[in-house]
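J.: Structure file work_29.txt (compact mmCIF, C-alpha atoms and all ligand atoms) right here:
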```txt
# COMPACT_ATOMS: atom_id res chain seq x y z
CA MET A 1 7.37 -6.76 9.47
CA GLY A 2 8.65 -9.69 11.51
CA TRP A 3 7.32 -9.26 14.99
CA ARG A 4 10.04 -11.25 16.57
CA ASP A 5 12.77 -9.41 14.73
CA ILE A 6 14.06 -7.21 17.46
CA THR A 7 16.24 -5.32 15.03
CA GLN A 8 13.16 -4.26 13.11
CA VAL A 9 11.47 -3.06 16.23
CA HIS A 10 14.56 -1.14 17.19
CA ARG A 11 14.66 0.45 13.77
CA LEU A 12 11.07 1.56 14.10
CA THR A 13 11.86 3.10 17.44
CA GLY A 14 15.10 4.43 16.09
CA ASP A 15 14.85 7.80 17.75
CA LEU A 16 13.99 6.30 21.10
CA LYS A 17 17.57 5.90 22.16
CA HIS A 18 18.50 9.42 21.10
CA ASN A 19 15.46 11.35 22.11
CA PRO A 20 15.76 12.56 25.69
CA ALA A 21 12.02 13.14 25.88
CA ALA A 22 11.41 9.47 25.25
CA ARG A 23 13.53 8.34 28.16
CA VAL A 24 12.58 8.17 31.78
CA HIS A 25 12.79 11.53 33.44
CA PRO A 26 16.50 11.88 34.01
CA ALA A 27 16.17 12.83 37.66
CA ALA A 28 19.38 11.77 39.32
CA VAL A 29 18.99 9.22 42.02
CA THR A 30 21.43 9.21 44.89
CA PRO A 31 24.16 6.59 45.12
CA GLU A 32 22.33 5.37 48.22
CA ASP A 33 19.21 4.75 46.10
CA ALA A 34 21.24 2.75 43.62
CA VAL A 35 22.86 0.74 46.38
CA ALA A 36 19.46 0.07 47.91
CA VAL A 37 18.04 -1.20 44.65
CA LEU A 38 21.00 -3.52 44.12
CA ASN A 39 20.72 -4.73 47.70
CA ALA A 40 17.09 -5.59 47.09
CA ALA A 41 17.97 -7.54 43.94
CA HIS A 42 20.88 -9.27 45.63
CA GLY A 43 18.77 -10.24 48.64
CA LEU A 44 16.17 -11.71 46.34
CA ALA A 45 18.67 -13.77 44.39
CA ASP A 46 20.66 -14.95 47.39
CA PRO A 47 19.79 -13.75 50.91
CA ASP A 48 22.91 -15.36 52.39
CA GLY A 49 25.17 -13.73 49.83
CA ALA A 50 23.58 -10.35 50.44
CA ALA A 51 23.94 -10.69 54.21
CA PHE A 52 27.59 -11.67 53.84
CA GLY A 53 28.20 -8.74 51.50
CA ALA A 54 26.60 -6.35 53.98
CA ARG A 55 28.77 -7.62 56.86
CA LEU A 56 31.89 -7.45 54.73
CA ALA A 57 31.01 -3.93 53.61
CA THR A 58 30.61 -2.74 57.20
CA LEU A 59 33.88 -4.37 58.13
CA MET A 60 35.67 -2.80 55.17
CA THR A 61 34.49 0.66 56.12
CA SER A 62 36.08 0.26 59.56
CA VAL A 63 39.21 -1.32 58.14
CA GLY A 64 39.58 1.36 55.49
CA HIS A 65 39.35 4.16 58.01
CA GLY A 66 41.58 2.23 60.40
CA LEU A 67 44.28 2.01 57.74
CA GLY A 68 43.97 5.72 57.03
CA LEU A 69 42.74 5.32 53.45
CA LYS A 70 41.20 8.24 51.66
CA ASP A 71 37.41 8.33 51.62
CA ALA A 72 37.40 7.46 47.92
CA ALA A 73 39.26 4.24 48.56
CA VAL A 74 37.05 3.33 51.48
CA ARG A 75 34.08 3.80 49.20
CA ASP A 76 35.63 1.53 46.57
CA LEU A 77 36.20 -1.15 49.16
CA GLU A 78 32.75 -0.82 50.62
CA LEU A 79 31.08 -1.17 47.21
CA ALA A 80 33.31 -4.01 46.12
CA ALA A 81 32.65 -5.85 49.38
CA ARG A 82 28.92 -5.31 49.17
CA PHE A 83 28.46 -6.29 45.54
CA GLY A 84 31.46 -8.45 44.77
CA ARG A 85 29.35 -11.55 45.03
CA LEU A 86 26.35 -10.17 43.26
CA ALA A 87 27.25 -11.03 39.71
CA HIS A 88 27.72 -14.75 40.13
CA ILE A 89 24.51 -15.26 42.07
CA PRO A 90 22.21 -15.48 39.04
CA LEU A 91 24.51 -18.14 37.60
CA ARG A 92 24.10 -20.35 40.63
CA ASP A 93 21.34 -22.53 39.18
CA GLY A 94 23.11 -22.94 35.88
CA GLY A 95 26.46 -24.27 36.97
CA PRO A 96 29.27 -24.24 39.49
CA LEU A 97 30.02 -21.06 41.37
CA GLU A 98 32.97 -19.07 40.18
CA VAL A 99 33.17 -16.31 42.69
CA ASP A 100 36.21 -14.66 41.21
CA GLY A 101 35.75 -15.71 37.59
CA PRO A 102 36.27 -13.21 34.78
CA GLU A 103 32.55 -12.65 34.27
CA THR A 104 32.04 -11.88 37.93
CA ALA A 105 34.89 -9.40 37.86
CA ALA A 106 33.60 -7.75 34.69
CA VAL A 107 30.05 -7.39 35.97
CA SER A 108 31.21 -6.19 39.37
CA ALA A 109 33.35 -3.56 37.71
CA ALA A 110 30.44 -2.48 35.53
CA MET A 111 28.15 -2.21 38.53
CA MET A 112 30.62 -0.12 40.46
CA ARG A 113 30.99 2.15 37.46
CA TRP A 114 27.24 2.54 37.20
CA ILE A 115 26.97 3.23 40.86
CA GLY A 116 29.24 6.17 40.30
CA LEU A 117 32.89 5.17 40.27
CA PRO A 118 34.86 6.76 37.45
CA GLU A 119 35.23 5.19 34.05
CA GLY A 120 38.09 2.72 34.05
CA ALA A 121 38.43 2.62 37.83
CA ALA A 122 40.12 -0.60 38.85
CA SER A 123 37.77 -2.85 40.72
CA PRO A 124 39.33 -4.36 43.82
CA LEU A 125 37.65 -7.55 42.65
CA ASP A 126 39.30 -7.63 39.27
CA GLU A 127 42.10 -10.18 39.48
CA HIS A 128 43.87 -8.63 36.54
CA ALA A 129 43.65 -5.05 37.70
CA GLU A 130 46.46 -3.45 39.61
CA SER A 131 44.26 -2.30 42.42
CA PRO A 132 46.02 -1.86 45.73
CA LEU A 133 42.70 -2.43 47.41
CA ARG A 134 42.24 -5.99 46.22
CA PRO A 135 44.59 -7.65 48.74
CA ILE A 136 42.85 -5.77 51.54
CA LEU A 137 39.46 -6.97 50.43
CA THR A 138 40.70 -10.53 49.94
CA THR A 139 42.17 -10.68 53.43
CA ALA A 140 39.00 -9.28 54.94
CA ARG A 141 36.80 -11.67 53.01
CA GLU A 142 38.82 -14.70 54.06
CA SER A 143 38.81 -13.51 57.65
CA LEU A 144 35.07 -12.98 57.69
CA GLU A 145 34.43 -16.37 56.09
CA ALA A 146 36.53 -18.02 58.80
CA ASP A 147 34.95 -16.01 61.60
CA PRO A 148 31.71 -14.14 60.87
CA GLN A 149 32.08 -12.15 64.10
CA ILE A 150 35.60 -10.91 63.43
CA GLY A 151 36.28 -7.28 64.33
CA ALA A 152 37.88 -4.54 62.27
CA ASN A 153 40.98 -4.25 64.46
CA GLU A 154 41.83 -7.90 64.03
CA VAL A 155 41.52 -7.60 60.25
CA ILE A 156 43.68 -4.48 60.24
CA HIS A 157 46.37 -6.36 62.15
CA LYS A 158 46.26 -9.22 59.66
CA ILE A 159 46.59 -6.82 56.75
CA GLN A 160 49.47 -4.93 58.37
CA ARG A 161 51.22 -8.17 59.22
CA ASP A 162 50.77 -9.74 55.77
CA ARG A 163 51.12 -6.68 53.63
CA PRO A 164 53.17 -3.96 55.23
CA GLY A 165 53.73 -0.68 53.46
CA PRO A 166 51.75 2.38 52.55
CA PHE A 167 48.43 2.01 50.82
CA THR A 168 47.60 4.23 47.93
CA SER A 169 44.02 4.97 47.18
CA ALA A 170 41.91 5.11 44.06
CA ASP A 171 41.07 8.51 42.72
CA ASP A 172 37.40 9.14 42.15
CA SER A 173 37.67 12.85 41.59
CA ASP A 174 35.67 12.31 38.39
CA PHE A 175 32.72 11.00 40.36
CA ASP A 176 29.61 12.83 39.33
CA PRO A 177 26.35 11.95 41.10
CA GLU A 178 24.46 13.56 38.22
CA ARG A 179 25.49 10.69 36.01
CA LEU A 180 23.53 8.33 38.16
CA THR A 181 20.05 8.15 36.71
CA VAL A 182 17.06 5.90 36.96
CA ASP A 183 18.07 4.70 33.53
CA ARG A 184 21.45 3.53 34.76
CA VAL A 185 19.91 1.67 37.65
CA ALA A 186 17.64 -0.06 35.15
CA ASP A 187 20.70 -0.97 33.08
CA VAL A 188 22.29 -2.60 36.11
CA LEU A 189 19.21 -4.69 36.80
CA GLY A 190 18.91 -5.63 33.13
CA GLN A 191 22.56 -6.71 33.05
CA LEU A 192 22.10 -8.76 36.17
CA PHE A 193 19.02 -10.45 34.82
CA ALA A 194 20.58 -11.18 31.44
CA ARG A 195 23.08 -13.39 33.25
CA LYS A 196 20.39 -15.40 34.94
CA ASN A 197 18.04 -15.87 32.04
CA ALA A 198 18.94 -14.35 28.67
CA ASP A 199 15.59 -15.28 27.12
CA THR A 200 13.62 -13.38 29.72
CA ALA A 201 15.95 -10.41 29.42
CA LEU A 202 15.33 -10.30 25.65
CA HIS A 203 11.59 -10.73 26.25
CA MET A 204 11.62 -7.66 28.52
CA ARG A 205 13.45 -5.64 25.86
CA ARG A 206 10.98 -6.62 23.15
CA VAL A 207 7.99 -5.91 25.39
CA ALA A 208 9.45 -2.50 26.20
CA ASP A 209 9.88 -1.66 22.52
CA LEU A 210 6.44 -2.92 21.62
CA SER A 211 4.85 -1.02 24.53
CA GLU A 212 6.54 2.12 23.25
CA LEU A 213 5.19 1.57 19.73
CA ILE A 214 1.65 1.01 20.99
CA ALA A 215 1.83 3.98 23.35
CA ARG A 216 2.92 6.28 20.52
CA ARG A 217 0.05 5.10 18.39
CA LEU A 218 -2.32 5.81 21.29
CA GLY A 219 -0.91 9.31 21.65
CA VAL A 220 0.49 8.78 25.15
CA ALA A 221 2.57 11.74 26.35
CA PRO A 222 6.39 11.36 26.25
CA GLU A 223 6.79 11.47 30.04
CA GLU A 224 4.21 8.73 30.46
CA ARG A 225 5.79 6.67 27.72
CA ALA A 226 9.10 6.93 29.51
CA VAL A 227 7.60 5.50 32.69
CA LEU A 228 5.95 2.73 30.68
CA TYR A 229 9.20 1.92 28.89
CA MET A 230 11.03 1.59 32.19
CA ALA A 231 8.34 -0.59 33.74
CA ALA A 232 8.17 -2.81 30.65
CA ARG A 233 11.91 -3.14 30.44
CA LEU A 234 12.04 -4.57 33.95
CA HIS A 235 8.57 -6.05 34.35
CA ASP A 236 9.76 -9.62 34.96
CA VAL A 237 12.87 -8.74 36.94
CA GLY A 238 11.26 -10.30 40.03
CA LYS A 239 11.98 -13.68 38.43
CA LEU A 240 15.43 -13.26 39.90
CA GLY A 241 13.85 -14.88 42.94
CA ALA A 242 12.65 -17.95 41.01
CA PRO A 243 14.98 -20.94 40.58
CA ASP A 244 15.98 -21.86 37.04
CA THR A 245 14.43 -25.28 37.59
CA ILE A 246 11.05 -23.53 37.59
CA LEU A 247 11.90 -20.96 34.90
CA ASN A 248 13.06 -23.68 32.50
CA LYS A 249 10.52 -26.35 33.36
CA THR A 250 8.86 -27.93 30.34
CA ASP A 251 6.05 -29.71 32.24
CA ALA A 252 3.12 -28.06 33.95
CA LEU A 253 4.02 -26.30 37.19
CA THR A 254 2.79 -27.69 40.50
CA PRO A 255 0.50 -25.38 42.52
CA GLY A 256 3.46 -24.52 44.77
CA GLU A 257 5.66 -23.68 41.78
CA THR A 258 2.89 -21.58 40.25
CA ALA A 259 2.57 -19.58 43.46
CA ARG A 260 6.32 -19.06 43.55
CA MET A 261 6.36 -17.98 39.93
CA ARG A 262 3.48 -15.57 40.43
CA HIS A 263 5.37 -13.95 43.25
CA HIS A 264 7.62 -12.35 40.63
CA VAL A 265 5.24 -9.40 40.39
CA GLU A 266 5.64 -8.51 44.08
CA ASN A 267 9.38 -9.19 43.95
CA GLY A 268 9.88 -6.97 40.92
CA ALA A 269 7.76 -4.17 42.35
CA ALA A 270 9.70 -4.29 45.61
CA ILE A 271 13.02 -3.89 43.80
CA LEU A 272 11.82 -0.91 41.76
CA ALA A 273 9.99 0.75 44.65
CA VAL A 274 13.28 1.60 46.30
CA VAL A 275 14.00 4.44 43.88
CA PRO A 276 11.76 7.54 43.94
CA GLY A 277 11.90 7.92 40.15
CA MET A 278 10.55 4.41 39.74
CA VAL A 279 7.55 4.51 42.08
CA ARG A 280 4.92 4.49 39.35
CA ALA A 281 6.91 1.99 37.31
CA SER A 282 6.95 -0.21 40.39
CA ARG A 283 3.17 -0.05 40.63
CA ILE A 284 2.84 -0.98 36.96
CA VAL A 285 5.15 -3.95 37.47
CA LEU A 286 3.01 -5.05 40.41
CA GLN A 287 -0.07 -4.93 38.17
CA HIS A 288 1.30 -6.46 34.98
CA HIS A 289 -0.62 -9.74 35.35
CA GLU A 290 -3.92 -8.07 36.26
CA LYS A 291 -6.77 -8.33 33.75
CA LEU A 292 -9.64 -5.92 33.08
CA ASP A 293 -12.24 -8.52 34.07
CA GLY A 294 -10.62 -9.15 37.45
CA SER A 295 -9.26 -12.57 36.55
CA GLY A 296 -5.62 -11.58 36.95
CA TYR A 297 -3.24 -11.57 39.90
CA PRO A 298 -2.05 -10.65 42.50
CA HIS A 299 -5.09 -8.57 43.51
CA GLY A 300 -7.76 -9.33 40.89
CA LEU A 301 -8.10 -5.62 40.08
CA THR A 302 -10.72 -4.52 37.54
CA GLY A 303 -11.19 -1.64 35.10
CA SER A 304 -10.09 1.72 36.42
CA GLU A 305 -8.26 0.17 39.36
CA ILE A 306 -5.55 -0.70 36.87
CA ASP A 307 -3.09 2.01 35.78
CA PRO A 308 -3.79 2.90 32.11
CA LEU A 309 -0.13 2.34 31.29
CA THR A 310 -0.38 -1.18 32.71
CA LEU A 311 -3.06 -1.98 30.13
CA ILE A 312 -0.56 -1.31 27.36
CA LEU A 313 2.15 -3.38 29.00
CA VAL A 314 -0.26 -6.30 29.47
CA VAL A 315 -1.13 -6.38 25.76
CA ALA A 316 2.52 -6.18 24.71
CA ASP A 317 3.48 -8.85 27.25
CA VAL A 318 0.77 -11.29 26.15
CA PHE A 319 1.60 -10.76 22.48
CA ASP A 320 5.30 -11.37 23.00
CA ALA A 321 4.75 -14.37 25.27
CA LEU A 322 2.52 -16.05 22.69
CA THR A 323 4.76 -15.33 19.70
CA ASP A 324 7.87 -16.40 21.61
CA ILE A 325 9.21 -19.92 22.09
CA ARG A 326 9.02 -20.94 25.73
CA PRO A 327 10.39 -24.09 27.38
CA TYR A 328 6.81 -25.35 27.68
CA LYS A 329 5.41 -24.31 24.27
CA PRO A 330 6.26 -23.49 20.64
CA ALA A 331 5.96 -20.02 19.11
CA MET A 332 2.68 -18.89 17.54
CA SER A 333 2.54 -16.77 14.41
CA ALA A 334 1.74 -13.08 14.80
CA ALA A 335 -1.47 -13.45 12.80
CA ALA A 336 -2.73 -16.37 14.89
CA THR A 337 -1.77 -14.55 18.08
CA LEU A 338 -3.67 -11.38 17.14
CA GLU A 339 -6.68 -13.48 16.24
CA LEU A 340 -6.55 -15.39 19.51
CA MET A 341 -6.17 -12.20 21.56
CA ALA A 342 -9.18 -10.59 19.86
CA ARG A 343 -11.32 -13.73 20.12
CA ASP A 344 -10.47 -15.23 23.51
CA MET A 345 -9.12 -12.35 25.55
CA ALA A 346 -11.54 -9.56 24.68
CA GLU A 347 -12.78 -9.36 28.28
CA GLU A 348 -9.29 -9.26 29.72
CA LEU A 349 -7.50 -6.80 27.47
CA ASP A 350 -8.04 -3.13 26.77
CA PRO A 351 -9.84 -2.83 23.39
CA ALA A 352 -8.14 0.44 22.38
CA THR A 353 -4.72 -1.02 23.06
CA LEU A 354 -5.56 -4.15 21.17
CA ALA A 355 -6.72 -2.05 18.20
CA ALA A 356 -3.47 -0.09 18.30
CA LEU A 357 -1.52 -3.32 18.22
CA GLN A 358 -3.50 -4.48 15.19
CA ASP A 359 -2.81 -1.13 13.49
CA ILE A 360 0.92 -1.48 13.96
CA LYS A 361 0.74 -4.84 12.29
CA LEU A 362 -0.77 -3.16 9.25
FE FE B 401 5.40 -11.42 34.22
FE FE B 402 6.64 -10.85 30.73
```
Could you show the structure in this file as structure tokens?

T.:
Amino acid sequence: MGWRDITQVHRLTGDLKHNPAARVHPAAVTPEDAVAVLNAAHGLADPDGAAFGARLATLMTSVGHGLGLKDAAVRDLELAARFGRLAHIPLRDGGPLEVDGPETAAVSAAMMRWIGLPEGAASPLDEHAESPLRPILTTARESLEADPQIGANEVIHKIQRDRPGPFTSADDSDFDPERLTVDRVADVLGQLFARKNADTALHMRRVADLSELIARRLGVAPEERAVLYMAARLHDVGKLGAPDTILNKTDALTPGETARMRHHVENGAAILAVVPGMVRASRIVLQHHEKLDGSGYPHGLTGSEIDPLTLILVVADVFDALTDIRPYKPAMSAAATLELMARDMAEELDPATLAALQDIKL
């Protein structure tokens, strides 16, 4: 089997996607939880953008009520204002900003849908959608950019002056909070990350699939495997806070850059910790660079101080990192990687997990 053939891995875990027991416990999180998790990610990627979004969202709530919009429409506006800038932020290092570009609009719409707006709801940010809310948001955004302290009444007057007439509101009668699961929040973060660094996003997917395979072989219970899968799938999401210049650097990192890079474990844990259903996954993410012999970071934990599920993630992560091409190194073969892990990392890695990995190879 080709280790780096993600299709193969997916085939082996074929029932994963269709087996409810293999997924994270589908406890619904509240829309507020989802918003909090996105806020955390947004703040990490661009604190200024997040602060602007928060001010705009507050303003839009007042404006929406001031204009007599239905609650559903106010909610649309609030979400669009808060997250409208989120999607382009990860692209910042890679090229010019395109705040209202098609990709931004598409991702914003997807995020709003995941947060709980109905399927097909027009995003006020989508240039091509016939949303009556878009002009309102645009006017408010321009006003706030010109004057960060502007009040709701002044914006309402601008809107009424520029765009007289009744405002219709979106209909979110289909909104179902039960649809909002930990899994969906993870999807949002994964989507966001894929736009910053596609290679890392694929790495997280592969590590999640490999962790699942190892955990099955070790006889880990389905609920535990679900937590592990979630943690593995997002374990490097804290790299949202690292500039692409560091992520893509081919030379050795300076001590300052290394420290910044290592901070991804705390960043990732902080994002996940917002949602109750992800608390243990958050702890695993925090620990995913710890080693059994205490040589890891951030806390130099040893032995039983490390969550048993983390031990599996660490092995899968090391294996995938070594067999993957990185900007600073070529890929190693699976055979050479397994040999190196057994020979040079025996003190650092869990022996049972390592044995399970070897078994899968056979
Ligand atoms: Fe990592
Ligand atoms: Fe990783």

J.: Please indicate the distance in Å from atom CA of A:Gly241 to atom CA of A:Ala45, rounded to one decimal place.

T.: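 According to the coordinates, atom CA of A:Gly241 and atom CA of A:Ala45 are separated by 5.2 Å.
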
J.: Tell me which of A:Glu223, A:Thr254, A:Gly303, A:Ala201 sits closest to ligand FE 401 (chain B), counting all atoms listed in the file.

T.: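 Of the candidates, the smallest distance to ligand FE 401 (chain B) is held by A:Ala201.
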
J.: Kindly provide, as a list in words, all nucleotide and amino acid residues lying within 10 Å of ligand FE 401 (chain B), counting all atoms listed in the file.

T.: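 Using all atoms listed in the file, I find these residues within 10 Å of ligand FE 401 (chain B): Thr200, Met204, Ala232, Leu234, His235, Asp236, Val237, Gly238, Lys239, Met261, Arg262, His263, His264, Val265, Gly268, Val285, Leu286, Gln287, His288, His289, Val314, Asp317, Val318 and Ala321 of chain A.
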
J.: Let me make sure I understand: among A:Ala221, A:Val207, A:Ala226, A:Ile214, which one has the smallest atom-to-atom distance to A:Asp359 if we use all atoms listed in the file?

T.: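 Once distances to A:Asp359 are computed over all atoms listed in the file, the minimum belongs to A:Ile214.
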
J.: Find, counting all atoms listed in the file, the residue in A:Ala36, A:Pro47, A:Ala356, A:Gly296 that gets nearest to A:Pro276.

T.: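 Checking each of A:Ala36, A:Pro47, A:Ala356, A:Gly296 against A:Pro276, counting all atoms listed in the file, the winner is A:Ala36.
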
J.: Neighbours of A:Pro351 within 12 Å (all atoms listed in the file; same-chain residues fewer than 5 positions away dropped), as a list in words?

T.: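 Once the nearby chain positions are removed, what remains is Leu218, Leu292, Gly303, Leu311, Ile312, Val314, Val315, Met341, Ala342, Arg343, Met345, Ala346, Ala356, Leu357 and Gln358 of chain A.
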
J.: Write the residues of the preceding selection, restricted to C-alpha atoms, as a PDB file, in the frame of the given file.

T.:
```pdb
ATOM      1  CA  LEU A 218      -2.320   5.810  21.290  1.00  0.00           C
ATOM      2  CA  LEU A 292      -9.640  -5.920  33.080  1.00  0.00           C
ATOM      3  CA  GLY A 303     -11.190  -1.640  35.100  1.00  0.00           C
ATOM      4  CA  LEU A 311      -3.060  -1.980  30.130  1.00  0.00           C
ATOM      5  CA  ILE A 312      -0.560  -1.310  27.360  1.00  0.00           C
ATOM      6  CA  VAL A 314      -0.260  -6.300  29.470  1.00  0.00           C
ATOM      7  CA  VAL A 315      -1.130  -6.380  25.760  1.00  0.00           C
ATOM      8  CA  MET A 341      -6.170 -12.200  21.560  1.00  0.00           C
ATOM      9  CA  ALA A 342      -9.180 -10.590  19.860  1.00  0.00           C
ATOM     10  CA  ARG A 343     -11.320 -13.730  20.120  1.00  0.00           C
ATOM     11  CA  MET A 345      -9.120 -12.350  25.550  1.00  0.00           C
ATOM     12  CA  ALA A 346     -11.540  -9.560  24.680  1.00  0.00           C
ATOM     13  CA  ALA A 356      -3.470  -0.090  18.300  1.00  0.00           C
ATOM     14  CA  LEU A 357      -1.520  -3.320  18.220  1.00  0.00           C
ATOM     15  CA  GLN A 358      -3.500  -4.480  15.190  1.00  0.00           C
TER      16      GLN A 358
END
```

J.: Restricting the calculation to only C-alpha atoms, which member of A:His299, A:Arg283, A:His203, A:Arg82 is positioned closest to A:Asp320?

T.: A:His203

J.: To one decimal place, how far is atom CA of A:Asp199 from atom CA of A:Phe319 in Å?

T.: 15.4 Å

J.: Have a look at A:Leu59, A:Val227, A:Leu202, A:Ala51 and name the one nearest to ligand FE 402 (chain B); count all atoms listed in the file.

T.: A:Leu202

J.: Counting all atoms listed in the file, which residue out of A:Asp324, A:Ser62, A:Leu340, A:Val188 sits closest to ligand FE 402 (chain B)?

T.: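 Looking at the shortest contact to ligand FE 402 (chain B), the residue is A:Asp324.
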
J.: If you measure from atom CA of A:Ala316 to atom CA of A:Ala41, what distance in Å do you get, rounded to one decimal?

T.: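 So the answer is 24.7 Å.
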